[in-house]
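Undergrad: Just one file: run-v9.pdb, with PDB, C-alpha atoms.
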MODEL        1
ATOM      1  CA  MET P 983      31.062  -0.226 -22.488
ATOM      2  CA  SER P 984      30.107   0.525 -26.071
ATOM      3  CA  GLN P 985      33.781   1.185 -26.792
ATOM      4  CA  VAL P 986      34.563  -2.458 -26.092
ATOM      5  CA  ALA P 987      32.287  -3.640 -28.853
ATOM      6  CA  GLU P 988      34.288  -1.743 -31.423
ATOM      7  CA  GLU P 989      37.319  -4.003 -30.951
ATOM      8  CA  GLY P 990      35.807  -6.894 -32.874
ATOM      9  CA  VAL P 991      32.621  -8.183 -34.424
ATOM     10  CA  ARG P 992      29.629  -6.389 -32.983
ATOM     11  CA  PRO P 993      27.951  -8.814 -30.539
ATOM     12  CA  ASN P 994      24.279  -9.138 -29.657
ATOM     13  CA  VAL P 995      23.124  -6.522 -27.146
ATOM     14  CA  MET P 996      22.215  -8.116 -23.841
ATOM     15  CA  ASP P 997      18.581  -7.910 -22.725
ATOM     16  CA  PRO P 998      18.753  -8.253 -18.913
ATOM     17  CA  TYR P 999      15.017  -8.907 -18.675
ATOM     18  CA  GLU P1000      15.345 -12.274 -20.408
ATOM     19  CA  ILE P1001      16.167 -13.813 -17.003
ATOM     20  CA  GLY P1002      16.000 -13.076 -13.297
ATOM     21  CA  TRP P1003      12.287 -12.771 -12.422
ATOM     22  CA  TYR P1004      10.778 -13.478  -9.004
ATOM     23  CA  ILE P1005       7.077 -14.150  -8.447
ATOM     24  CA  GLU P1006       5.199 -13.214  -5.274
ATOM     25  CA  SER P1007       2.281 -15.597  -4.918
ATOM     26  CA  ALA P1008      -1.049 -14.856  -3.269
ATOM     27  CA  ASP P1009       0.104 -16.761  -0.165
ATOM     28  CA  GLU P1010       3.079 -14.326   0.039
ATOM     29  CA  ASP P1011       5.667 -16.973  -0.820
ATOM     30  CA  ILE P1012       8.412 -15.970  -3.258
ATOM     31  CA  TYR P1013       9.115 -18.230  -6.250
ATOM     32  CA  GLY P1014      12.026 -17.903  -8.606
ATOM     33  CA  PRO P1015      14.110 -16.988 -10.300
ATOM     34  CA  VAL P1016      12.417 -17.723 -13.612
ATOM     35  CA  SER P1017      13.183 -16.559 -17.135
ATOM     36  CA  ARG P1018      10.885 -14.191 -18.986
ATOM     37  CA  LYS P1019       9.930 -17.013 -21.324
ATOM     38  CA  SER P1020       8.884 -19.195 -18.376
ATOM     39  CA  LEU P1021       7.012 -16.290 -16.822
ATOM     40  CA  ARG P1022       5.038 -15.741 -19.987
ATOM     41  CA  HIS P1023       4.165 -19.448 -20.148
ATOM     42  CA  LEU P1024       2.874 -19.252 -16.576
ATOM     43  CA  LEU P1025       0.685 -16.324 -17.613
ATOM     44  CA  GLU P1026      -0.582 -18.050 -20.727
ATOM     45  CA  ASP P1027      -1.569 -21.259 -18.945
ATOM     46  CA  LYS P1028      -3.138 -19.168 -16.133
ATOM     47  CA  THR P1029      -0.908 -20.528 -13.382
ATOM     48  CA  ILE P1030      -0.507 -16.848 -12.481
ATOM     49  CA  THR P1031      -2.589 -13.852 -13.523
ATOM     50  CA  PRO P1032      -1.715 -10.358 -14.796
ATOM     51  CA  ASN P1033      -2.408  -9.178 -11.232
ATOM     52  CA  THR P1034       0.304 -11.412  -9.768
ATOM     53  CA  LEU P1035       3.209  -9.421  -8.348
ATOM     54  CA  VAL P1036       6.534  -9.980 -10.099
ATOM     55  CA  ARG P1037       9.950  -8.361  -9.664
ATOM     56  CA  HIS P1038      13.043  -8.445 -11.797
ATOM     57  CA  CYS P1039      16.274  -9.015  -9.876
ATOM     58  CA  THR P1040      17.405  -5.496 -10.822
ATOM     59  CA  GLN P1041      14.170  -3.809  -9.751
ATOM     60  CA  ARG P1042      13.523  -2.262  -6.369
ATOM     61  CA  GLU P1043      10.035  -3.624  -5.754
ATOM     62  CA  ALA P1044       7.442  -5.995  -7.168
ATOM     63  CA  ARG P1045       4.628  -4.830  -9.449
ATOM     64  CA  PRO P1046       1.699  -6.607 -11.104
ATOM     65  CA  ALA P1047       2.770  -8.452 -14.240
ATOM     66  CA  ALA P1048       0.323  -6.308 -16.221
ATOM     67  CA  ASP P1049       2.384  -3.242 -15.251
ATOM     68  CA  GLN P1050       5.632  -4.754 -16.576
ATOM     69  CA  PRO P1051       5.791  -3.843 -20.302
ATOM     70  CA  VAL P1052       8.845  -6.056 -20.890
ATOM     71  CA  ILE P1053       6.704  -9.050 -19.925
ATOM     72  CA  MET P1054       3.362  -8.177 -21.479
ATOM     73  CA  GLU P1055       4.629  -7.191 -24.939
ATOM     74  CA  HIS P1056       3.774  -9.787 -27.599
ATOM     75  CA  LEU P1057       1.280 -11.392 -25.200
ATOM     76  CA  SER P1058      -2.437 -11.321 -26.081
ATOM     77  CA  LEU P1059      -3.938 -11.563 -22.614
ATOM     78  CA  ASP P1060      -7.132  -9.955 -21.414
ATOM     79  CA  THR P1061      -6.081  -7.913 -18.388
ATOM     80  CA  LYS P1062      -9.549  -6.518 -17.733
ATOM     81  CA  GLY P1063     -11.360  -8.160 -14.885
ATOM     82  CA  SER P1064      -8.426 -10.424 -14.121
ATOM     83  CA  VAL P1065      -8.902 -12.555 -11.067
ATOM     84  CA  ILE P1066      -6.603 -12.358  -8.080
ATOM     85  CA  GLY P1067      -4.810 -15.538  -7.079
ATOM     86  CA  ASP P1068      -2.546 -18.165  -8.554
ATOM     87  CA  HIS P1069      -1.743 -21.861  -8.616
ATOM     88  CA  LEU P1070       1.994 -21.603  -8.046
ATOM     89  CA  ALA P1071       2.010 -23.767  -4.935
ATOM     90  CA  GLU P1072       0.634 -26.706  -6.928
ATOM     91  CA  ALA P1073       2.478 -26.069 -10.200
ATOM     92  CA  TRP P1074       5.924 -25.209  -8.874
ATOM     93  CA  PRO P1075       8.418 -28.020  -9.618
ATOM     94  CA  ARG P1076       9.788 -29.991  -6.676
ATOM     95  CA  LYS P1077      12.981 -31.141  -8.400
ATOM     96  CA  LYS P1078      15.943 -28.797  -8.578
ATOM     97  CA  ARG P1079      16.564 -29.737 -12.207
ATOM     98  CA  ASP P1080      13.064 -28.667 -13.208
ATOM     99  CA  ARG P1081      13.317 -25.397 -11.258
ATOM    100  CA  LEU P1082      16.612 -24.681 -12.989
ATOM    101  CA  ALA P1083      14.977 -25.221 -16.381
ATOM    102  CA  LEU P1084      12.445 -22.507 -15.523
ATOM    103  CA  ALA P1085      15.234 -20.107 -14.534
ATOM    104  CA  GLU P1086      17.692 -20.529 -17.407
ATOM    105  CA  GLY P1087      17.494 -18.237 -20.408
ATOM    106  CA  PRO P1088      19.464 -17.422 -23.560
ATOM    107  CA  LEU P1089      22.159 -15.354 -21.804
ATOM    108  CA  PRO P1090      25.434 -17.092 -20.871
ATOM    109  CA  CYS P1091      26.966 -16.855 -17.414
ATOM    110  CA  ALA P1092      29.869 -14.398 -17.410
ATOM    111  CA  TRP P1093      32.044 -16.795 -15.390
ATOM    112  CA  HIS P1094      30.997 -20.335 -16.255
ATOM    113  CA  LYS P1095      29.959 -22.265 -19.338
ATOM    114  CA  ARG P1096      26.373 -22.436 -18.194
ATOM    115  CA  PRO P1097      23.163 -20.491 -18.914
ATOM    116  CA  ALA P1098      22.637 -17.475 -16.651
ATOM    117  CA  VAL P1099      19.673 -17.193 -14.292
ATOM    118  CA  LEU P1100      20.171 -13.731 -12.722
ATOM    119  CA  VAL P1101      21.765 -10.341 -13.444
ATOM    120  CA  CYS P1102      24.040  -8.472 -11.031
ATOM    121  CA  VAL P1103      23.098  -4.863 -10.272
ATOM    122  CA  ARG P1104      26.712  -3.925  -9.525
ATOM    123  CA  CYS P1105      28.792  -5.407 -12.370
ATOM    124  CA  HIS P1106      25.880  -5.956 -14.819
ATOM    125  CA  ALA P1107      26.956  -9.573 -15.344
ATOM    126  CA  PRO P1108      24.455 -12.323 -16.145
ATOM    127  CA  TYR P1109      25.357 -15.213 -13.845
ATOM    128  CA  CYS P1110      24.414 -18.828 -13.157
ATOM    129  CA  GLY P1111      23.353 -20.632  -9.998
ATOM    130  CA  ARG P1112      26.955 -21.364  -9.053
ATOM    131  CA  CYS P1113      27.568 -17.613  -8.811
ATOM    132  CA  GLN P1114      24.597 -16.903  -6.546
ATOM    133  CA  ALA P1115      25.311 -15.421  -3.134
ATOM    134  CA  LYS P1116      24.216 -17.466  -0.140
ATOM    135  CA  PRO P1117      21.929 -18.163   1.620
ATOM    136  CA  LEU P1118      19.961 -18.903  -1.532
ATOM    137  CA  ARG P1119      16.607 -18.203   0.150
ATOM    138  CA  LYS P1120      17.479 -14.498   0.128
ATOM    139  CA  GLN P1121      17.037 -12.444  -3.026
ATOM    140  CA  PHE P1122      20.465 -10.884  -3.541
ATOM    141  CA  PHE P1123      20.950  -7.951  -5.886
ATOM    142  CA  LEU P1124      24.647  -8.766  -6.390
ATOM    143  CA  CYS P1125      26.386 -11.863  -7.645
ATOM    144  CA  ARG P1126      28.570 -13.790  -5.193
ATOM    145  CA  ARG P1127      31.780 -12.335  -6.640
ATOM    146  CA  CYS P1128      30.614  -8.762  -6.086
ATOM    147  CA  GLN P1129      29.013  -9.473  -2.711
ATOM    148  CA  THR P1130      32.194 -11.151  -1.448
ATOM    149  CA  GLY P1131      34.503  -8.639  -3.114
ATOM    150  CA  VAL P1132      32.874  -5.614  -1.480
ATOM    151  CA  TRP P1133      32.955  -7.284   1.952
ATOM    152  CA  ASN P1134      36.630  -8.259   1.561
ATOM    153  CA  ARG P1135      37.563  -4.723   0.548
ATOM    154  CA  ARG P1136      35.678  -3.297   3.522
ATOM    155  CA  PHE P1137      37.624  -5.579   5.842
ATOM    156  CA  ALA P1138      40.937  -4.685   4.192
ATOM    157  CA  ALA P1139      40.080  -0.974   4.433
ATOM    158  CA  LEU P1140      39.418  -1.335   8.179
ATOM    159  CA  LEU P1141      42.784  -3.030   8.708
ATOM    160  CA  LEU P1142      44.584  -0.301   6.764
ATOM    161  CA  ASP P1143      42.800   2.486   8.643
ATOM    162  CA  THR P1144      43.549   0.876  12.004
ATOM    163  CA  MET P1145      47.228   0.504  11.158
ATOM    164  CA  ALA P1146      47.570   4.007   9.677
ATOM    165  CA  LEU P1147      45.500   5.936  12.213
ATOM    166  CA  VAL P1148      46.031   4.029  15.487
ATOM    167  CA  TYR P1149      49.072   1.756  15.591
ATOM    168  CA  LEU P1150      51.506   3.614  13.333
ATOM    169  CA  PRO P1151      51.212   7.004  15.111
ATOM    170  CA  SER P1152      51.559   5.312  18.522
ATOM    171  CA  ILE P1153      54.660   3.402  17.413
ATOM    172  CA  VAL P1154      56.314   6.435  15.820
ATOM    173  CA  VAL P1155      55.599   8.743  18.761
ATOM    174  CA  GLY P1156      56.601   6.080  21.291
ATOM    175  CA  ILE P1157      59.950   5.421  19.615
ATOM    176  CA  THR P1158      60.632   9.140  19.172
ATOM    177  CA  LEU P1159      59.919   9.995  22.820
ATOM    178  CA  ALA P1160      61.950   7.038  24.039
ATOM    179  CA  MET P1161      64.946   8.138  21.941
ATOM    180  CA  ILE P1162      64.930  11.631  23.456
ATOM    181  CA  GLY P1163      64.835  10.180  26.956
ATOM    182  CA  THR P1164      61.237  10.842  28.017
ATOM    183  CA  GLY P1165      60.378   9.297  31.391
ATOM    184  CA  GLU P1166      58.150   6.227  31.597
ATOM    185  CA  THR P1167      55.325   8.082  33.346
ATOM    186  CA  GLN P1168      55.280  10.901  30.810
ATOM    187  CA  LEU P1169      55.680   8.441  27.946
ATOM    188  CA  GLY P1170      52.720   6.364  29.122
ATOM    189  CA  LEU P1171      50.546   9.496  29.528
ATOM    190  CA  VAL P1172      51.388  10.792  26.066
ATOM    191  CA  ILE P1173      50.733   7.401  24.446
ATOM    192  CA  ASN P1174      47.357   7.050  26.220
ATOM    193  CA  VAL P1175      46.231  10.517  25.158
ATOM    194  CA  LEU P1176      47.454   9.901  21.627
ATOM    195  CA  GLN P1177      45.611   6.559  21.373
ATOM    196  CA  LEU P1178      42.392   8.171  22.601
ATOM    197  CA  PHE P1179      42.740  10.844  19.932
ATOM    198  CA  CYS P1180      43.518   8.207  17.295
ATOM    199  CA  LEU P1181      40.461   6.132  18.226
ATOM    200  CA  ILE P1182      38.230   9.194  17.875
ATOM    201  CA  LEU P1183      39.854   9.862  14.512
ATOM    202  CA  LEU P1184      39.249   6.229  13.500
ATOM    203  CA  PHE P1185      35.526   6.508  14.247
ATOM    204  CA  LEU P1186      35.173   9.825  12.392
ATOM    205  CA  ARG P1187      37.599   9.123   9.547
ATOM    206  CA  ASP P1188      34.967   8.605   6.850
ATOM    207  CA  SER P1189      33.075  11.743   7.897
ATOM    208  CA  LEU P1190      36.253  13.834   8.052
ATOM    209  CA  PHE P1191      37.452  12.792   4.596
ATOM    210  CA  GLY P1192      34.254  13.235   2.611
ATOM    211  CA  GLY P1193      32.799   9.738   2.963
ATOM    212  CA  ALA P1194      35.989   7.703   2.554
ATOM    213  CA  GLY P1195      38.969   7.461   4.893
ATOM    214  CA  ILE P1196      42.417   6.304   3.856
ATOM    215  CA  GLY P1197      41.454   2.640   3.764
ATOM    216  CA  LYS P1198      38.163   2.976   1.908
ATOM    217  CA  ARG P1199      39.626   5.435  -0.590
ATOM    218  CA  SER P1200      42.440   2.960  -1.316
ATOM    219  CA  ALA P1201      39.891   0.137  -1.692
ATOM    220  CA  GLY P1202      37.599   2.150  -3.984
ATOM    221  CA  LEU P1203      34.780   2.488  -1.448
ATOM    222  CA  ARG P1204      32.708   5.328  -0.023
ATOM    223  CA  VAL P1205      30.095   5.729   2.731
ATOM    224  CA  VAL P1206      26.875   7.517   1.800
ATOM    225  CA  GLN P1207      23.580   8.356   3.440
ATOM    226  CA  SER P1208      20.817   5.897   2.581
ATOM    227  CA  GLN P1209      18.283   8.695   2.091
ATOM    228  CA  ASP P1210      19.739   9.634  -1.295
ATOM    229  CA  GLY P1211      22.631   7.214  -1.898
ATOM    230  CA  LYS P1212      24.990  10.078  -2.794
ATOM    231  CA  THR P1213      25.608  12.454   0.123
ATOM    232  CA  PRO P1214      28.565  11.510   2.365
ATOM    233  CA  LEU P1215      27.686  10.517   5.926
ATOM    234  CA  THR P1216      27.523  13.109   8.716
ATOM    235  CA  TYR P1217      29.681  13.167  11.848
ATOM    236  CA  GLY P1218      26.752  11.845  13.898
ATOM    237  CA  GLN P1219      26.263   8.940  11.516
ATOM    238  CA  GLY P1220      29.991   8.276  11.641
ATOM    239  CA  VAL P1221      29.729   7.748  15.408
ATOM    240  CA  VAL P1222      26.452   5.783  15.378
ATOM    241  CA  ARG P1223      27.608   3.292  12.742
ATOM    242  CA  TRP P1224      30.485   2.261  15.019
ATOM    243  CA  LEU P1225      28.479   1.833  18.240
ATOM    244  CA  SER P1226      27.780  -1.788  17.336
ATOM    245  CA  GLN P1227      31.510  -2.525  17.525
ATOM    246  CA  PHE P1228      31.555  -1.749  21.252
ATOM    247  CA  ILE P1229      29.155  -4.601  22.083
ATOM    248  CA  PRO P1230      31.109  -7.778  22.985
ATOM    249  CA  ILE P1231      30.319 -10.841  20.850
ATOM    250  CA  PHE P1232      27.751  -8.838  18.871
ATOM    251  CA  ASN P1233      30.581  -6.901  17.252
ATOM    252  CA  LEU P1234      31.677 -10.115  15.514
ATOM    253  CA  VAL P1235      28.131 -10.749  14.292
ATOM    254  CA  ASP P1236      27.942  -7.157  13.105
ATOM    255  CA  ALA P1237      31.218  -7.389  11.189
ATOM    256  CA  ALA P1238      30.020 -10.484   9.299
ATOM    257  CA  ALA P1239      26.465  -9.236   8.676
ATOM    258  CA  ALA P1240      27.294  -7.340   5.479
ATOM    259  CA  TYR P1241      28.519 -10.567   3.873
ATOM    260  CA  SER P1242      25.087 -12.212   3.936
ATOM    261  CA  ASP P1243      22.852  -9.132   3.682
ATOM    262  CA  PRO P1244      21.455  -8.400   0.180
ATOM    263  CA  LEU P1245      21.943  -4.669   0.842
ATOM    264  CA  MET P1246      25.516  -5.122   2.172
ATOM    265  CA  ARG P1247      24.715  -3.560   5.566
ATOM    266  CA  ARG P1248      26.273  -4.034   8.951
ATOM    267  CA  TYR P1249      23.905  -3.449  11.856
ATOM    268  CA  GLY P1250      25.806  -0.223  12.434
ATOM    269  CA  ASP P1251      24.894   0.864   8.894
ATOM    270  CA  ARG P1252      21.231   0.115   9.566
ATOM    271  CA  TRP P1253      21.220   2.124  12.797
ATOM    272  CA  ALA P1254      23.014   5.090  11.236
ATOM    273  CA  GLY P1255      21.188   5.046   7.903
ATOM    274  CA  THR P1256      24.367   4.614   5.847
ATOM    275  CA  ARG P1257      25.513   2.382   3.001
ATOM    276  CA  VAL P1258      28.958   1.471   1.695
ATOM    277  CA  LEU P1259      29.223   1.714  -2.102
ATOM    278  CA  ASP P1260      31.963   1.570  -4.691
ATOM    279  CA  SER P1261      33.608   4.765  -5.826
ATOM    280  CA  ASP P1262      32.558   5.798  -9.330
ATOM    281  CA  ARG P1263      36.037   5.049 -10.651
ATOM    282  CA  LYS P1264      36.181   1.550  -9.150
ATOM    283  CA  LEU P1265      32.700   0.675 -10.369
ATOM    284  CA  ALA P1266      33.414   1.861 -13.917
ATOM    285  CA  LYS P1267      36.678  -0.097 -13.973
ATOM    286  CA  ASP P1268      35.047  -3.362 -12.875
ATOM    287  CA  ARG P1269      32.171  -2.966 -15.323
ATOM    288  CA  TYR P1270      34.603  -2.339 -18.154
ATOM    289  CA  LYS P1271      36.502  -5.533 -17.310
ATOM    290  CA  LEU P1272      33.226  -7.447 -17.228
ATOM    291  CA  ALA P1273      32.191  -5.948 -20.573
ATOM    292  CA  ARG P1274      35.372  -7.214 -22.189
ATOM    293  CA  ARG P1275      34.709 -10.664 -20.774
ATOM    294  CA  LEU P1276      31.161 -10.757 -22.127
ATOM    295  CA  ILE P1277      32.275  -9.479 -25.533
ATOM    296  CA  LYS P1278      34.374 -12.631 -25.887
ATOM    297  CA  LYS P1279      31.183 -14.630 -25.338
ATOM    298  CA  GLY P1280      29.354 -12.674 -28.030
ATOM    299  CA  VAL P1281      27.263 -10.523 -25.684
ATOM    300  CA  GLN P1282      27.286  -6.715 -25.445
ATOM    301  CA  PRO P1283      26.338  -5.647 -21.886
ATOM    302  CA  ALA P1284      23.394  -3.297 -21.529
ATOM    303  CA  PRO P1285      24.352   0.275 -20.536
ATOM    304  CA  GLN P1286      21.949   0.065 -17.594
ATOM    305  CA  VAL P1287      20.175  -2.832 -15.895
ATOM    306  CA  GLY P1288      17.316  -1.631 -13.716
ATOM    307  CA  MET P1289      18.324   0.382 -10.688
ATOM    308  CA  THR P1290      21.669   2.055 -10.057
ATOM    309  CA  MET P1291      23.825   1.443  -6.992
ATOM    310  CA  GLU P1292      22.478   4.715  -5.568
ATOM    311  CA  ASP P1293      18.956   3.326  -5.965
ATOM    312  CA  LEU P1294      20.074   0.178  -4.136
ATOM    313  CA  ALA P1295      21.423   2.296  -1.275
ATOM    314  CA  ARG P1296      18.022   3.953  -0.836
ATOM    315  CA  ILE P1297      16.207   0.679  -0.159
ATOM    316  CA  ALA P1298      15.285   0.632   3.540
TER     317      ALA P1298
ENDMDL
END
Before anything else, please render the file you have as structure tokens.
TA:
Amino acid sequence: MSQVAEEGVRPNVMDPYEIGWYIESADEDIYGPVSRKSLRHLLEDKTITPNTLVRHCTQREARPAADQPVIMEHLSLDTKGSVIGDHLAEAWPRKKRDRLALAEGPLPCAWHKRPAVLVCVRCHAPYCGRCQAKPLRKQFFLCRRCQTGVWNRRFAALLLDTMALVYLPSIVVGITLAMIGTGETQLGLVINVLQLFCLILLFLRDSLFGGAGIGKRSAGLRVVQSQDGKTPLTYGQGVVRWLSQFIPIFNLVDAAAAYSDPLMRRYGDRWAGTRVLDSDRKLAKDRYKLARRLIKKGVQPAPQVGMTMEDLARIA
């Protein structure tokens, strides 16, 4: 991304921690997002304490505010003997406009002419409330564009794999056997055996081809094990992650689940312990495009914003 900055006037380097903070209150409710400036004000007026758990939208888990150096620097707070508890329930604004004021920071949204409130782990874009994935009550790690884009590419990859591995071979073999005068009984038997073989190949395609079948490779996707976020799935995982598609009605719910899940998982992915991520090439390409877009707004994207996509895959 640093190469993009060389094309014109050097812009200001983006600080992702200016925005995108969530606060976990003592009553276990989640408040946010808020900007770092708002978070510091809440600490200074003792609405929350240094012991209050906070999490940046690019971090894996919440930690006490006192253990977040990017928050505590330049603050003169006594962290020794800090009480546990907060007054968020009483102080939190009821009006959407006031909550938005707490969330907005100095970074511009990459897609709209509005202040950003969160940062996307995938494309590294600061984005506004209009770009948030829904439902809003969930804390998504990706912006709506990335969340939707990955799901759409997964669906397109499935269609391509089904056509290439199931329908196309059956059509070609069927036409060929019919042209050479194969009898109907023999033709039907061969087609049935072939379709069974093709279905098995469809279920194991990602395992057979190193984590990405024809469709996923074309769409810039790969399937990895959630234990490390890097190793391609095993043959057993390849079978387990497709069991959910054999359950009537539930298979439709399963197919749509990744769209609204912050970790982009189908139920089959959860059962098998797998995650679908971008290929390195696809991810680098999209981040480069985003960097060019932000440069035009006078912002140089940070080289890294919290966790990597492999870190995201390891979240249970």
Undergrad: At a cut-off of 12 Å from (19.6, -7.7, -10.8) in the coordinates of the file, what residues are picked up using all atoms listed in the file, written as an MDAnalysis selection string?
TA: chainID P and resid 997:1004 1015 1037:1043 1098:1109 1114 1121:1125 1244 1286:1291 1294
Undergrad: One number please: CA of Lys1212 (chain P) to CA of Arg1187 (chain P), in Å, one decimal.
TA: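 Calculated distance between CA of Lys1212 (chain P) and CA of Arg1187 (chain P) is 17.7 Å.
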Undergrad: Between P:Arg1204, P:Lys1019, P:Arg1248, P:Arg1274, single out the one closest to Glu1292 (chain P), counting all atoms listed in the file.
TA: P:Arg1204
Undergrad: For Ala1237 (chain P), which of P:Thr1158, P:Ser1020, P:Gln1207, P:Asn1134 is the closest residue, counting only C-alpha atoms?
TA: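 Smallest distance to Ala1237 (chain P) is found for P:Asn1134.
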Undergrad: Of the residues P:Glu1026, P:Glu1006, P:Ser1226, P:Ala1071, which is the one nearest to Pro1046 (chain P), using all atoms listed in the file?
TA: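 With all atoms listed in the file as the atom set, the closest residue is P:Glu1006.
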Undergrad: So which one's closest to Gly1202 (chain P), P:Leu1225, P:Leu1272, P:Ala1254, P:Ala1266? Using all atoms listed in the file, please.
TA: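 Ranking P:Leu1225, P:Leu1272, P:Ala1254, P:Ala1266 by distance to Gly1202 (chain P), first place goes to P:Ala1266.
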Undergrad: I need the residue set behind the PyMOL selection byres ((chain P and resi 1029) around 9) for this file; please write it as a ChimeraX atom specification.
TA: /P:1023-1028,1030-1031,1067-1070,1073
Undergrad: Ranking P:Leu1147, P:Cys1113, P:Val1206, P:Leu1035 by minimum distance to Gln1177 (chain P) and counting all atoms listed in the file, which one comes first?
TA: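 Going through P:Leu1147, P:Cys1113, P:Val1206, P:Leu1035 one by one, the smallest distance to Gln1177 (chain P) is for P:Leu1147.
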Undergrad: For the file shown, report as a ChimeraX atom specification the outcome of the PyMOL selection byres ((chain P and resi 1180) around 12) at residue level.
TA: /P:1143-1152,1173-1179,1181-1187
Undergrad: Running the PyMOL selection byres ((chain P and resi 1208) around 7) on this model by hand, what would come out? Give it as an NGL selection string.
TA: :P and (1206-1207 or 1209-1211 or 1255-1257 or 1295-1296)
Undergrad: So the first atom is CA of Leu1159 (chain P) and the second is CA of Gly1195 (chain P); what is the distance between them in Å, to one decimal place?
TA: 27.7 Å
Undergrad: Any idea what the distance is between CA of Leu1140 (chain P) and CA of Gly1218 (chain P)?
TA: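 Between CA of Leu1140 (chain P) and CA of Gly1218 (chain P) the gap is 19.2 Å.
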Undergrad: Counting only C-alpha atoms, I want the residues whose atoms come within 10 Å of (31.8, -10.6, 8.2) in the file frame, returned as a ChimeraX atom specification.
TA: /P:1130,1133-1134,1136-1137,1233-1242,1248
